[in-house]
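Worksheet: the structure to be examined is printed underneath.
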Amino acid sequence: MAEFHQRLRSTRRLPDRHARPPAGELTTCSALTFVEMRAINRDMALIGMFKGKGANGFGYNSTAQEVTQGLDLSGKTYLVTGCNSGLGLETLRILGLRGGHVIGAARTVDKASAALQVHRTSGTPVACDLADPASIRACVQSVQELGKPIDALIGNAGIMALPKRQTIHGYEAQFFTNHVGHFILVTGLLDTLTDNGRVVMVSSAAHSRAPKAGIVFDDLAAEKHYSSFGAYGQSKLANLLFARHLAKRLNGTRRTANALHPGVIRTNIARHLFPGAELAMAGLTPLLLKNTEQGAATQCYLATHADVEGISGKYFADCNPATTTKNGADMTMAARLWEVTEYVIRDLG
Ligand SMILES: NC(=O)c1ccc[n+]([C@@H]2O[C@H](COP(=O)([O-])OP(=O)(O)OC[C@H]3O[C@@H](n4cnc5c(N)ncnc54)[C@H](OP(=O)(O)O)[C@@H]3O)[C@@H](O)[C@H]2O)c1
């Protein structure tokens with residue numbers, strides 16, 4: 001990351017950590033009433049007021065619209081999985097707003113078409129059910145047939161914290177949907193990436209909730225032990241390790257792969273949590289959570305911004321490099337995961 005920061009320093013004026021804040025900028029909320037705080041927090045979570053910006057001038061509060069300001073993406077093509085909801089829908093909106101052609105992937109073509117229509121985004125709807133290898137392979141084929149080189153592939157779709165253990169093709173459902181499904185899709189489309197094409201995997205800080213040993217290679221069906229967040233954490237660790245190992249495989253090319261944590265955002269991802277979770281998240285949003293515009297910023301930044309051209313194998317949060325758990329940086333585990341996933345896929349027939 002030293003290289004990333006050095007490059008930014010040479011092109012921009014870095015914020016001086018000791019400088020006085022510009023006049024009018026809020027540095028404390030002690031004098032604010034709750035009503036005033038809520039008004040401010042329509043655009044900014046309270047926590048965001050205490051978080052600084054990173055070396056690139058972007059941070060917790062940056063929105064996808066802000067981080068892509070001034071970019072002209074016309075002539076470029078992006079594929080976004082899970083384009084019909086939450087962060088995926090906002091990502092689709094922003095990429096389209098900047099002139100990009102968006103291949104919107106959703107479980108069904110109807111959902112993808114509807115998502116493109118919401119903001120009249122120029123793009124192509126495709127069906128891609130990440131729990132169904134046949135659907136993913138059909139998606140790969142139809143995207144290849146489109147003949148449009150892809151500038152960035154954004155692996156955004158995901159499910160979280162299924163209360164009861166479920167399996168798909170004999171594997172724990174979150175591991176299969178979030179990791180194996182994306183593995184089939186991304187590896188199937190690698191040849192359609194442009195020479196400097198990017199793979200952007202939406203992981204999570206929840207990768208820290210994976211079991212202590214990381215990926216439980218000898219129990220990928222979670223038969224011996226199942227915990228809803230442990231399994232989600234494992235799948236998000238898999239997204240991160242996938243990006244790390246893919247970056248290694250792309251070494252020597254101009255193509256890149258990175259992973260990210262988007263923040264904590266109230267979206268449909270909470271649908272499997274305890275009853276009332278969505279209401280609780282709604283209550284927390286003004287204080288502690290990002291809104292979707294902020295939540296989609298890091299993935300839009302990684303998919304489009306010139307700052308990250310050539311940066312690969314890294315993990316970002318709030319549009320800046322971030323640290324992971326020890327498992328999240330374990331390249332031996334990443335290589336083993338790749339090998340095991342290839343085996344899983346071969347076994348599917
Ligand atoms: N929100 C957060 O706080 C948070 C924090 C960290 C990481 N993330 C990650 O951010 C990503 C986006 O989540 P979100 O918050 O935007 O949640 P969301 O609103 O629930 O969106 C998830 C998307 O994934 C799609 N999806 C789920 N299962 C699928 C399948 N089998 N095949 C294809 N698509 C499928 C959903 O489609 P349907 O609508 O058809 O179900 C939906 O479009 C996820 O990878 C999540 O793990 C979110």
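Numbering starts fresh at 1 for the residues of each chain in the structure tokens, the chains themselves are lettered A, B, ... in the order given, and ligands are numbered from 1 as they appear.
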
### Message
I'd like the contact shell of Ala161 (chain A) - 12 Å cut-off, only C-alpha atoms, skipping same-chain residues fewer than 6 positions apart - returned as a count of residues only.
### Response
25

### Task
Could I get the residue neighbourhood of ligand 1 at 6 Å, counting only C-alpha atoms and all ligand atoms, as number ranges by chain?
A: 82-88, 106-107, 128-131, 156-159, 177, 202-204, 261-269

#### Entry: Residue list (strand (DSSP E), DSSP) for region 57-300 of chain A, as an NGL selection string
:A and (77-81 or 101-106 or 123-127 or 150-155 or 167-168 or 171-172 or 193-202 or 256-261)

Selected residues written out with C-alpha atoms, as a CSV table (one decimal), in the first residue's frame:
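That gives us part.csv:
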chain,number,residue,atom,x,y,z
A,77,THR,CA,-19.0,-1.8,-20.0
A,78,TYR,CA,-19.6,-3.0,-16.4
A,79,LEU,CA,-21.2,-6.2,-15.1
A,80,VAL,CA,-22.9,-5.9,-11.7
A,81,THR,CA,-24.3,-9.0,-9.9
A,101,HIS,CA,-23.2,0.4,-20.4
A,102,VAL,CA,-24.2,-1.8,-17.5
A,103,ILE,CA,-24.8,-5.5,-17.8
A,104,GLY,CA,-27.2,-5.9,-14.9
A,105,ALA,CA,-27.2,-9.5,-13.5
A,106,ALA,CA,-30.0,-10.6,-11.2
A,123,GLY,CA,-27.5,-1.6,-20.3
A,124,THR,CA,-28.3,-5.3,-20.9
A,125,PRO,CA,-30.3,-7.4,-18.4
A,126,VAL,CA,-29.1,-10.9,-17.8
A,127,ALA,CA,-30.3,-13.7,-15.6
A,150,ILE,CA,-15.9,-5.7,-19.9
A,151,ASP,CA,-14.1,-3.0,-18.1
A,152,ALA,CA,-15.1,-4.2,-14.6
A,153,LEU,CA,-16.9,-7.1,-13.2
A,154,ILE,CA,-18.5,-6.3,-9.8
A,155,GLY,CA,-19.3,-9.4,-7.7
A,167,THR,CA,-27.1,-26.6,1.3
A,168,ILE,CA,-26.8,-26.1,-2.4
A,171,TYR,CA,-22.3,-27.1,0.1
A,172,GLU,CA,-23.3,-24.6,2.7
A,193,LEU,CA,-12.2,-8.5,-19.6
A,194,THR,CA,-10.4,-5.6,-21.3
A,195,ASP,CA,-6.6,-5.6,-21.1
A,196,ASN,CA,-6.8,-3.4,-18.0
A,197,GLY,CA,-10.1,-4.8,-16.8
A,198,ARG,CA,-10.9,-5.0,-13.1
A,199,VAL,CA,-12.5,-7.6,-10.9
A,200,VAL,CA,-14.1,-6.1,-7.8
A,201,MET,CA,-15.4,-8.5,-5.1
A,202,VAL,CA,-17.8,-7.2,-2.5
A,256,THR,CA,-6.6,-6.4,-11.5
A,257,ALA,CA,-8.6,-7.9,-8.7
A,258,ASN,CA,-9.5,-6.3,-5.4
A,259,ALA,CA,-12.0,-6.8,-2.6
A,260,LEU,CA,-13.8,-4.4,-0.3
A,261,HIS,CA,-16.0,-3.8,2.7

### Message
Taking only region 74-322 of chain A into account, list the residues labelled alpha helix (DSSP H) by DSSP (computed from the backbone), as a ChimeraX atom specification.
### Response
/A:86-97,109-118,133-146,173-174,181-189,228-250,277-288,292-295,297-304

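Put simply, CA of Leu92 (chain A) is 10.3 Å away from CA of Arg120 (chain A).
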